[in-house]
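Q: Got a structure for you, upload25.txt, holding compact mmCIF, C-alpha atoms (C1' of nucleotides).
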```
# COMPACT_ATOMS: atom_id res chain seq x y z
CA MET Z 1 -69.20 108.56 -50.70
CA ASN Z 2 -68.15 107.62 -47.17
CA LEU Z 3 -68.66 109.12 -43.72
CA GLY Z 4 -65.48 111.21 -43.83
CA GLU Z 5 -66.37 112.83 -47.14
CA ALA Z 6 -69.86 113.54 -45.92
CA LEU Z 7 -68.55 115.20 -42.75
CA GLU Z 8 -66.15 117.26 -44.85
CA LYS Z 9 -69.02 118.44 -47.00
CA LEU Z 10 -70.89 119.61 -43.92
CA ARG Z 11 -67.85 121.31 -42.46
CA ALA Z 12 -67.34 123.12 -45.76
CA GLY Z 13 -70.94 124.33 -45.53
CA GLY Z 14 -70.26 125.84 -42.10
CA VAL Z 15 -72.53 123.40 -40.31
CA ARG Z 16 -71.72 122.27 -36.79
CA LEU Z 17 -70.73 118.65 -36.42
CA THR Z 18 -72.60 117.67 -33.31
CA PRO Z 19 -72.48 114.06 -32.14
CA GLN Z 20 -76.20 113.71 -32.86
CA ARG Z 21 -75.70 114.73 -36.47
CA GLN Z 22 -72.74 112.43 -36.94
CA GLU Z 23 -74.73 109.56 -35.52
CA VAL Z 24 -77.66 110.22 -37.87
CA LEU Z 25 -75.27 110.11 -40.79
CA ARG Z 26 -73.66 106.92 -39.53
CA VAL Z 27 -77.05 105.24 -39.16
CA LEU Z 28 -78.02 106.12 -42.73
CA LEU Z 29 -74.68 104.96 -44.06
CA ASP Z 30 -74.41 101.70 -42.14
CA GLY Z 31 -78.07 100.75 -42.38
CA GLY Z 32 -78.25 100.98 -46.12
CA GLU Z 33 -82.02 100.81 -45.84
CA HIS Z 34 -84.88 103.25 -46.17
CA TYR Z 35 -85.53 104.34 -42.64
CA SER Z 36 -88.40 106.46 -41.41
CA ALA Z 37 -87.56 109.34 -39.07
CA GLU Z 38 -88.71 107.21 -36.15
CA GLU Z 39 -86.47 104.30 -37.12
CA VAL Z 40 -83.51 106.64 -37.38
CA TRP Z 41 -84.45 108.03 -33.95
CA ARG Z 42 -84.51 104.62 -32.31
CA ARG Z 43 -81.10 103.78 -33.75
CA VAL Z 44 -79.53 107.08 -32.75
CA GLN Z 45 -80.93 106.67 -29.24
CA GLN Z 46 -79.00 103.46 -28.78
CA ARG Z 47 -75.88 105.59 -28.64
CA TYR Z 48 -77.27 108.94 -27.47
CA ALA Z 49 -80.21 108.12 -25.26
CA GLY Z 50 -81.40 111.67 -24.72
CA VAL Z 51 -81.68 112.78 -28.33
CA SER Z 52 -84.98 114.40 -29.24
CA PHE Z 53 -87.23 113.51 -32.10
CA ASP Z 54 -87.14 117.06 -33.36
CA THR Z 55 -83.38 116.95 -33.72
CA ILE Z 56 -83.69 113.90 -35.96
CA TYR Z 57 -86.21 115.66 -38.16
CA ARG Z 58 -84.15 118.81 -38.46
CA THR Z 59 -80.99 116.86 -39.11
CA LEU Z 60 -82.58 114.73 -41.81
CA HIS Z 61 -83.86 117.82 -43.59
CA MET Z 62 -80.52 119.53 -43.22
CA LEU Z 63 -78.78 116.51 -44.73
CA THR Z 64 -81.28 116.58 -47.57
CA ARG Z 65 -80.47 120.25 -48.24
CA TYR Z 66 -76.77 119.38 -48.40
CA GLY Z 67 -77.42 116.52 -50.77
CA LEU Z 68 -76.29 113.87 -48.28
CA ALA Z 69 -79.67 112.27 -47.72
CA SER Z 70 -82.67 111.93 -49.93
CA GLU Z 71 -86.29 111.69 -49.07
CA VAL Z 72 -88.17 108.85 -50.71
CA ASP Z 73 -91.91 108.55 -50.53
CA PHE Z 74 -93.44 105.07 -50.51
CA ALA Z 75 -96.94 106.20 -49.53
CA ASP Z 76 -96.82 104.07 -46.39
CA GLY Z 77 -97.73 106.88 -44.02
CA CYS Z 78 -94.33 108.38 -43.37
CA ARG Z 79 -91.39 109.82 -45.22
CA ARG Z 80 -88.34 107.64 -45.55
CA PHE Z 81 -84.72 108.64 -45.97
CA GLU Z 82 -81.69 107.06 -47.51
CA PHE Z 83 -78.05 108.05 -47.77
CA ALA Z 84 -77.63 109.92 -51.02
CA GLY Z 85 -74.08 108.87 -51.77
CA LYS Z 86 -74.95 105.67 -53.55
CA GLY Z 87 -75.76 107.42 -56.79
CA HIS Z 88 -79.01 107.93 -58.63
CA HIS Z 89 -81.33 104.95 -58.74
CA HIS Z 90 -84.99 103.95 -58.57
CA HIS Z 91 -87.15 101.59 -56.53
CA LEU Z 92 -89.24 98.45 -56.72
CA VAL Z 93 -91.87 98.42 -53.99
CA CYS Z 94 -93.59 95.19 -52.94
CA LEU Z 95 -97.27 95.86 -52.37
CA ARG Z 96 -97.60 92.95 -49.96
CA CYS Z 97 -94.60 92.98 -47.61
CA GLY Z 98 -93.48 96.54 -48.24
CA ARG Z 99 -89.93 95.48 -48.94
CA ILE Z 100 -88.01 97.86 -51.16
CA GLU Z 101 -85.51 96.75 -53.76
CA GLU Z 102 -83.34 99.12 -55.68
CA LEU Z 103 -83.12 99.40 -59.41
CA PRO Z 104 -79.43 100.10 -59.79
CA PHE Z 105 -79.82 101.96 -63.07
CA CYS Z 106 -81.61 105.07 -64.25
CA LEU Z 107 -83.98 105.39 -67.15
CA GLU Z 108 -82.27 108.38 -68.69
CA ASP Z 109 -83.75 107.84 -72.12
CA CYS Z 110 -87.22 108.43 -70.72
CA LEU Z 111 -86.30 111.96 -69.80
CA SER Z 112 -85.23 112.92 -73.30
CA ARG Z 113 -88.73 112.25 -74.52
CA VAL Z 114 -90.10 114.46 -71.76
CA ARG Z 115 -87.67 117.22 -72.77
CA ALA Z 116 -88.75 116.93 -76.38
CA GLU Z 117 -92.47 117.14 -75.59
CA LYS Z 118 -92.31 119.74 -72.81
CA PRO Z 119 -89.48 122.09 -73.74
CA ASP Z 120 -90.83 124.83 -71.45
CA PHE Z 121 -90.41 122.76 -68.32
CA LYS Z 122 -86.97 122.98 -66.70
CA ILE Z 123 -86.28 119.52 -65.32
CA ALA Z 124 -84.59 119.40 -61.92
CA GLY Z 125 -85.10 115.80 -60.89
CA HIS Z 126 -87.31 112.76 -61.31
CA ALA Z 127 -88.56 109.66 -59.55
CA PHE Z 128 -89.56 106.34 -60.96
CA LYS Z 129 -91.26 103.72 -58.85
CA VAL Z 130 -92.45 100.28 -59.85
CA TYR Z 131 -95.09 98.60 -57.70
CA GLY Z 132 -95.70 94.89 -57.67
CA TYR Z 133 -94.88 91.68 -55.83
CA CYS Z 134 -91.45 90.40 -54.90
CA ARG Z 135 -90.60 86.76 -55.45
CA ARG Z 136 -91.41 85.75 -51.88
CA CYS Z 137 -94.86 87.34 -52.01
CA GLN Z 138 -95.98 85.84 -55.29
CA GLN Z 139 -97.60 82.87 -53.59
CA MET S 140 -115.04 107.03 -68.92
CA ASN S 141 -117.99 109.21 -67.89
CA LEU S 142 -120.14 109.53 -64.79
CA GLY S 143 -122.73 107.05 -65.99
CA GLU S 144 -120.21 104.33 -66.69
CA ALA S 145 -118.59 104.92 -63.34
CA LEU S 146 -121.90 104.63 -61.50
CA GLU S 147 -122.64 101.45 -63.43
CA LYS S 148 -119.32 99.99 -62.32
CA LEU S 149 -120.16 100.71 -58.67
CA ARG S 150 -123.66 99.28 -59.01
CA ALA S 151 -122.16 96.14 -60.50
CA GLY S 152 -119.89 95.88 -57.47
CA GLY S 153 -122.89 95.96 -55.13
CA VAL S 154 -121.99 99.35 -53.70
CA ARG S 155 -124.70 101.75 -52.62
CA LEU S 156 -125.05 104.86 -54.70
CA THR S 157 -125.59 107.47 -52.03
CA PRO S 158 -125.82 111.13 -53.06
CA GLN S 159 -122.55 111.85 -51.22
CA ARG S 160 -120.71 109.26 -53.25
CA GLN S 161 -122.17 110.46 -56.51
CA GLU S 162 -121.16 114.00 -55.69
CA VAL S 163 -117.58 112.94 -54.90
CA LEU S 164 -117.41 111.25 -58.28
CA ARG S 165 -118.87 114.30 -60.01
CA VAL S 166 -116.34 116.59 -58.34
CA LEU S 167 -113.43 114.42 -59.46
CA LEU S 168 -114.83 114.18 -62.99
CA ASP S 169 -115.72 117.84 -63.47
CA GLY S 170 -112.69 119.26 -61.69
CA GLY S 171 -110.13 117.45 -63.73
CA GLU S 172 -107.52 118.48 -61.17
CA HIS S 173 -105.64 116.76 -58.40
CA TYR S 174 -107.67 117.50 -55.33
CA SER S 175 -106.74 116.76 -51.76
CA ALA S 176 -109.39 115.15 -49.57
CA GLU S 177 -110.09 118.52 -48.04
CA GLU S 178 -110.61 120.19 -51.40
CA VAL S 179 -113.01 117.45 -52.41
CA TRP S 180 -114.80 117.94 -49.10
CA ARG S 181 -115.26 121.69 -49.64
CA ARG S 182 -116.66 121.10 -53.10
CA VAL S 183 -119.04 118.35 -52.01
CA GLN S 184 -120.25 120.54 -49.15
CA GLN S 185 -121.41 123.20 -51.59
CA ARG S 186 -124.16 120.78 -52.58
CA TYR S 187 -124.50 118.62 -49.44
CA ALA S 188 -123.65 120.87 -46.54
CA GLY S 189 -123.75 118.21 -43.84
CA VAL S 190 -121.34 115.73 -45.36
CA SER S 191 -118.59 114.58 -43.02
CA PHE S 192 -114.89 114.51 -43.67
CA ASP S 193 -114.77 110.82 -42.89
CA THR S 194 -117.27 110.03 -45.60
CA ILE S 195 -115.07 111.78 -48.15
CA TYR S 196 -112.07 109.73 -47.05
CA ARG S 197 -113.91 106.44 -47.11
CA THR S 198 -115.48 107.24 -50.45
CA LEU S 199 -112.18 108.20 -52.02
CA HIS S 200 -110.61 104.95 -50.84
CA MET S 201 -113.58 102.97 -52.02
CA LEU S 202 -113.35 104.61 -55.45
CA THR S 203 -109.66 103.76 -55.52
CA ARG S 204 -110.45 100.11 -54.78
CA TYR S 205 -112.90 100.07 -57.69
CA GLY S 206 -110.36 101.64 -59.99
CA LEU S 207 -112.38 104.84 -60.44
CA ALA S 208 -110.00 107.15 -58.63
CA SER S 209 -106.29 107.07 -58.17
CA GLU S 210 -104.16 108.36 -55.39
CA VAL S 211 -101.23 110.49 -56.44
CA ASP S 212 -98.56 111.54 -54.01
CA PHE S 213 -96.84 114.88 -54.58
CA ALA S 214 -95.10 115.02 -51.20
CA ASP S 215 -96.89 118.26 -50.36
CA GLY S 216 -98.28 117.08 -47.05
CA CYS S 217 -101.48 115.39 -48.21
CA ARG S 218 -102.64 112.72 -50.58
CA ARG S 219 -104.27 113.87 -53.77
CA PHE S 220 -106.82 112.11 -55.91
CA GLU S 221 -107.76 112.21 -59.55
CA PHE S 222 -110.43 110.52 -61.62
CA ALA S 223 -108.92 107.37 -63.04
CA GLY S 224 -110.87 107.31 -66.28
CA LYS S 225 -108.52 109.51 -68.24
CA GLY S 226 -106.09 106.71 -68.92
CA HIS S 227 -102.61 106.08 -67.69
CA HIS S 228 -100.28 109.08 -67.57
CA HIS S 229 -97.53 110.72 -65.53
CA HIS S 230 -96.87 114.10 -63.94
CA LEU S 231 -94.63 117.14 -64.08
CA VAL S 232 -94.50 118.87 -60.69
CA CYS S 233 -93.33 122.48 -60.37
CA LEU S 234 -91.13 122.80 -57.29
CA ARG S 235 -91.94 126.48 -56.91
CA CYS S 236 -95.68 126.96 -57.43
CA GLY S 237 -96.72 123.34 -56.98
CA ARG S 238 -98.67 123.31 -60.22
CA ILE S 239 -99.09 119.88 -61.76
CA GLU S 240 -99.02 119.26 -65.46
CA GLU S 241 -99.78 115.93 -67.00
CA LEU S 242 -97.54 114.00 -69.30
CA PRO S 243 -100.13 112.57 -71.65
CA PHE S 244 -98.02 109.55 -72.57
CA CYS S 245 -96.52 106.62 -70.73
CA LEU S 246 -92.95 105.46 -70.82
CA GLU S 247 -93.75 101.85 -71.53
CA ASP S 248 -90.32 101.09 -72.92
CA CYS S 249 -88.76 101.82 -69.53
CA LEU S 250 -90.69 98.95 -68.01
CA SER S 251 -89.36 96.37 -70.43
CA ARG S 252 -85.86 97.05 -69.18
CA VAL S 253 -87.05 96.58 -65.60
CA ARG S 254 -88.68 93.28 -66.61
CA ALA S 255 -85.48 92.12 -68.22
CA GLU S 256 -83.30 92.95 -65.21
CA LYS S 257 -85.69 91.90 -62.46
CA PRO S 258 -87.60 88.92 -63.84
CA ASP S 259 -88.59 87.76 -60.35
CA PHE S 260 -90.56 90.89 -59.59
CA LYS S 261 -94.17 90.80 -60.76
CA ILE S 262 -94.98 94.33 -61.89
CA ALA S 263 -98.41 95.64 -60.98
CA GLY S 264 -98.05 99.35 -61.62
CA HIS S 265 -95.64 102.20 -61.76
CA ALA S 266 -95.31 105.93 -61.26
CA PHE S 267 -93.04 108.40 -62.93
CA LYS S 268 -92.70 111.95 -61.69
CA VAL S 269 -90.56 114.74 -63.06
CA TYR S 270 -89.73 117.65 -60.77
CA GLY S 271 -88.64 121.04 -62.02
CA TYR S 272 -89.87 124.51 -62.85
CA CYS S 273 -92.76 125.43 -65.09
CA ARG S 274 -92.38 128.23 -67.59
CA ARG S 275 -93.94 130.85 -65.33
CA CYS S 276 -91.60 130.02 -62.44
CA GLN S 277 -88.35 130.12 -64.37
CA GLN S 278 -87.86 133.81 -63.62
C1' DA Y 279 -145.25 101.31 -52.95
C1' DC Y 280 -143.39 99.62 -48.54
C1' DC Y 281 -140.16 96.93 -45.13
C1' DG Y 282 -136.12 95.32 -43.19
C1' DC Y 283 -131.62 95.37 -42.63
C1' DA Y 284 -126.99 95.43 -44.32
C1' DT Y 285 -124.47 99.00 -45.38
C1' DG Y 286 -123.46 103.98 -45.23
C1' DT Y 287 -123.25 108.33 -42.63
C1' DT Y 288 -122.23 111.42 -38.86
C1' DG Y 289 -119.89 114.17 -35.08
C1' DG Y 290 -116.62 113.79 -32.10
C1' DA Y 291 -112.74 111.89 -30.32
C1' DA Y 292 -108.29 109.20 -31.04
C1' DT Y 293 -104.08 108.39 -33.47
C1' DT Y 294 -100.02 109.44 -35.98
C1' DA Y 295 -96.65 112.28 -38.42
C1' DT Y 296 -94.63 116.56 -38.36
C1' DT Y 297 -93.53 121.30 -36.84
C1' DC Y 298 -93.21 125.05 -33.49
C1' DT Y 299 -91.65 127.44 -29.14
C1' DG Y 300 -88.91 129.27 -25.76
C1' DA Y 301 -85.48 127.98 -22.47
C1' DT Y 302 -81.00 125.99 -22.27
C1' DC Y 303 -76.65 124.18 -23.98
C1' DT Y 304 -72.36 123.80 -26.81
C1' DG Y 305 -68.96 123.37 -31.07
C1' DG Y 306 -65.39 125.54 -32.61
C1' DG Y 307 -63.36 130.21 -34.18
C1' DG Y 308 -60.54 133.64 -32.07
C1' DC K 309 -60.37 129.13 -22.38
C1' DC K 310 -64.32 132.34 -23.64
C1' DC K 311 -68.14 133.50 -26.29
C1' DC K 312 -72.24 133.29 -28.93
C1' DA K 313 -74.57 131.86 -33.23
C1' DG K 314 -76.43 128.06 -33.96
C1' DA K 315 -78.03 123.51 -32.02
C1' DT K 316 -80.60 120.88 -28.68
C1' DC K 317 -84.35 119.73 -25.57
C1' DA K 318 -89.09 118.80 -23.64
C1' DG K 319 -93.34 119.56 -24.37
C1' DA K 320 -97.04 121.49 -26.69
C1' DA K 321 -99.36 122.74 -31.20
C1' DT K 322 -100.86 121.59 -35.80
C1' DA K 323 -102.43 118.78 -39.56
C1' DA K 324 -103.72 114.59 -41.90
C1' DT K 325 -106.03 110.52 -41.29
C1' DT K 326 -108.69 106.90 -38.93
C1' DC K 327 -111.75 104.97 -35.35
C1' DC K 328 -116.18 104.58 -32.88
C1' DA K 329 -120.86 103.87 -31.78
C1' DA K 330 -125.33 105.69 -32.51
C1' DC K 331 -128.34 106.90 -36.17
C1' DA K 332 -130.01 107.01 -41.15
C1' DT K 333 -130.99 105.15 -45.69
C1' DG K 334 -130.49 102.66 -50.47
C1' DC K 335 -132.35 99.02 -52.49
C1' DG K 336 -133.59 93.86 -53.05
C1' DG K 337 -137.39 91.32 -52.01
C1' DT K 338 -142.51 91.22 -50.95
```
What does this structure look like when you write it as structure tokens?
A:
Amino acid sequence: MNLGEALEKLRAGGVRLTPQRQEVLRVLLDGGEHYSAEEVWRRVQQRYAGVSFDTIYRTLHMLTRYGLASEVDFADGCRRFEFAGKGHHHHLVCLRCGRIEELPFCLEDCLSRVRAEKPDFKIAGHAFKVYGYCRRCQQ
Amino acid sequence: MNLGEALEKLRAGGVRLTPQRQEVLRVLLDGGEHYSAEEVWRRVQQRYAGVSFDTIYRTLHMLTRYGLASEVDFADGCRRFEFAGKGHHHHLVCLRCGRIEELPFCLEDCLSRVRAEKPDFKIAGHAFKVYGYCRRCQQ
DNA sequence: ACCGCATGTTGGAATTATTCTGATCTGGGG
DNA sequence: CCCCAGATCAGAATAATTCCAACATGCGGT
């Protein structure tokens, strides 16, 4: 998904396309990383100096509701967000430097076992995280 | 693992067995749930009224370092802890009522694929969470 | 059984992430 | 171009977690 498609999705939802919101989207798209709300704020401020922290928070949550951003939790003290248009994937987290790599595939087969053993639970989503040490931190 | 074995492990590590610490361990063991620091605090206070919040935090982290507790993150605004002696497992999280069920098995086979595709990453641990709706919340 | 002291505990205050509030502003439909 | 529901803003409130410095105590050694 690209910026234009994302904006279209918001327009279709009847959401106002303010410059602040467009800039938040652009930051997530261009950055390609897992930014905290504060990191997004700093980047948006480079173009719109007066933007408030609260606006960033509300925008990030709004984008999450519309499926354009997703919240990823790396237990490092703050929530992080990524653009959701890259498709479903999982994460490798380095316990030393904190760097995050992406696992470009999903472990679908794992879920079928869950479905078989817990038929009463209606699965809506899942997260898989692998902790360890990246090559650079192994010595 | 039981309380005695856990205490032995701490003694072996040269850690003082204060009544507060023992009570934190007992709460985690008896409760069998996923308590937040505050919930642990309330329970410990029933026996040791003067115990401070900070002591609970430090104790929980110390227990985590010794492998007796583990920190589980359910993105509900606070960290939760469980006794680590029940063996490795994963979680089903209900998005409506917040109830947590345990998946009593591990998806070991998933990790072998990760090893194959990311041989440079030294795996130390992993977490698998499935979000959805428990039977009671499906209508 | 007792001492000494390294380690643990405490209350209160500081820090950090997140959310709320009420006044003010504005995107975009008509 | 006007209007107003919905968005933004600054600043304050809330909540989780951590820091601090004075005081207390578990426990190894006597």
Q: Contacts between chain Z and chain S, please, where a residue of chain S counts if it comes within 8 Å (with all atoms listed in the file); show its shortest atom pair and distance in Å to one decimal, rows by chain and ascending number, as CSV.
A:
```
residue,atom,partner,partner_atom,distance
S:Asp212,CA,Z:Ala75,CA,7.2
S:Ala214,CA,Z:Asp73,CA,7.2
S:Leu242,CA,Z:Val114,CA,7.8
S:Leu246,CA,Z:Cys110,CA,6.5
S:Cys249,CA,Z:Leu107,CA,6.4
S:Val253,CA,Z:Leu103,CA,7.9
S:Asp259,CA,Z:Arg135,CA,5.4
S:Phe260,CA,Z:Cys134,CA,4.8
S:Lys261,CA,Z:Tyr133,CA,5.1
S:Ile262,CA,Z:Gly132,CA,4.3
S:Ala263,CA,Z:Gly132,CA,4.3
S:Gly264,CA,Z:Tyr131,CA,5.0
S:His265,CA,Z:Val130,CA,4.2
S:Ala266,CA,Z:Lys129,CA,5.2
S:Phe267,CA,Z:Phe128,CA,4.5
S:Lys268,CA,Z:Ala127,CA,5.2
S:Val269,CA,Z:His126,CA,4.2
S:Tyr270,CA,Z:Gly125,CA,5.0
S:Gly271,CA,Z:Ile123,CA,4.3
S:Tyr272,CA,Z:Lys122,CA,5.1
S:Cys273,CA,Z:Phe121,CA,4.8
S:Arg274,CA,Z:Asp120,CA,5.4
S:Gln277,CA,Z:Lys122,CA,7.6
```
Q: Could the residues in this selection be saved with C-alpha atoms as a PDB file, in the frame of the given file?
A:
```pdb
ATOM      1  CA  ASP S 212     -98.560 111.540 -54.010  1.00  0.00           C
ATOM      2  CA  ALA S 214     -95.100 115.020 -51.200  1.00  0.00           C
ATOM      3  CA  LEU S 242     -97.540 114.000 -69.300  1.00  0.00           C
ATOM      4  CA  LEU S 246     -92.950 105.460 -70.820  1.00  0.00           C
ATOM      5  CA  CYS S 249     -88.760 101.820 -69.530  1.00  0.00           C
ATOM      6  CA  VAL S 253     -87.050  96.580 -65.600  1.00  0.00           C
ATOM      7  CA  ASP S 259     -88.590  87.760 -60.350  1.00  0.00           C
ATOM      8  CA  PHE S 260     -90.560  90.890 -59.590  1.00  0.00           C
ATOM      9  CA  LYS S 261     -94.170  90.800 -60.760  1.00  0.00           C
ATOM     10  CA  ILE S 262     -94.980  94.330 -61.890  1.00  0.00           C
ATOM     11  CA  ALA S 263     -98.410  95.640 -60.980  1.00  0.00           C
ATOM     12  CA  GLY S 264     -98.050  99.350 -61.620  1.00  0.00           C
ATOM     13  CA  HIS S 265     -95.640 102.200 -61.760  1.00  0.00           C
ATOM     14  CA  ALA S 266     -95.310 105.930 -61.260  1.00  0.00           C
ATOM     15  CA  PHE S 267     -93.040 108.400 -62.930  1.00  0.00           C
ATOM     16  CA  LYS S 268     -92.700 111.950 -61.690  1.00  0.00           C
ATOM     17  CA  VAL S 269     -90.560 114.740 -63.060  1.00  0.00           C
ATOM     18  CA  TYR S 270     -89.730 117.650 -60.770  1.00  0.00           C
ATOM     19  CA  GLY S 271     -88.640 121.040 -62.020  1.00  0.00           C
ATOM     20  CA  TYR S 272     -89.870 124.510 -62.850  1.00  0.00           C
ATOM     21  CA  CYS S 273     -92.760 125.430 -65.090  1.00  0.00           C
ATOM     22  CA  ARG S 274     -92.380 128.230 -67.590  1.00  0.00           C
ATOM     23  CA  GLN S 277     -88.350 130.120 -64.370  1.00  0.00           C
TER      24      GLN S 277
END
```
Q: Which residues, written as a list of chain:residue names, have at least one atom at most 10 Å from S:Glu177, with only C-alpha atoms (C1' of nucleotides) counted and residues fewer than 6 positions away on the same chain left out?
A: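 Once the adjacent positions are removed, what remains is S:Val183, S:Phe192, S:Ile195, S:Tyr196, S:Cys217, S:Arg218, S:Arg219, K:DA324.
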Q: Could the residues in this selection be saved with C-alpha atoms (C1' of nucleotides) as a tab-separated table (two decimals), in the coordinates of the input?
A:
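Below is the file that was written, result_19.tsv:
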```tsv
chain	number	residue	atom	x	y	z
S	183	VAL	CA	-119.04	118.35	-52.01
S	192	PHE	CA	-114.89	114.51	-43.67
S	195	ILE	CA	-115.07	111.78	-48.15
S	196	TYR	CA	-112.07	109.73	-47.05
S	217	CYS	CA	-101.48	115.39	-48.21
S	218	ARG	CA	-102.64	112.72	-50.58
S	219	ARG	CA	-104.27	113.87	-53.77
K	324	DA	C1'	-103.72	114.59	-41.90
```
Q: Give the residues of chain S that lie within 8 Å of chain K; count only C-alpha atoms (C1' of nucleotides), and format the answer as an NGL selection string.
A: :S and (155-157 or 216-217)
Q: Distance atom CA of Z:His89-atom CA of S:Arg235, one decimal place?
A: 24.1 Å
Q: Give me, as a tab-separated table, the closest atom pair and its distance (Å, one decimal) for every residue of chain Y within a cut-off of 10 Å of chain Z, counting all atoms listed in the file, rows sorted by chain and rising number.
A:
```
residue	atom	partner	partner_atom	distance
Y:DT294	C1'	Z:Gly77	CA	8.7
Y:DA295	C1'	Z:Cys78	CA	6.7
Y:DT296	C1'	Z:Tyr57	CA	8.5
Y:DT297	C1'	Z:Asp54	CA	8.4
Y:DT304	C1'	Z:Thr18	CA	8.9
Y:DG305	C1'	Z:Arg16	CA	6.4
Y:DG306	C1'	Z:Arg16	CA	8.3
```
Q: Which centre and which edge lengths, in Å to one decimal, describe the axis-aligned box that holds all listed atoms of stretch 159-172 of chain S after 3 Å is added on each side, as AutoDock Vina command-line options?
A:
```
--center_x -115.0 --center_y 114.3 --center_z -57.5 --size_x 21.0 --size_y 16.0 --size_z 18.5
```
Q: Calculate how many Å separate atom CA of Z:Phe83 from atom CA of Z:Ser70, rounding to one decimal.
A: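 We find that atom CA of Z:Phe83 and atom CA of Z:Ser70 lie 6.4 Å from each other.
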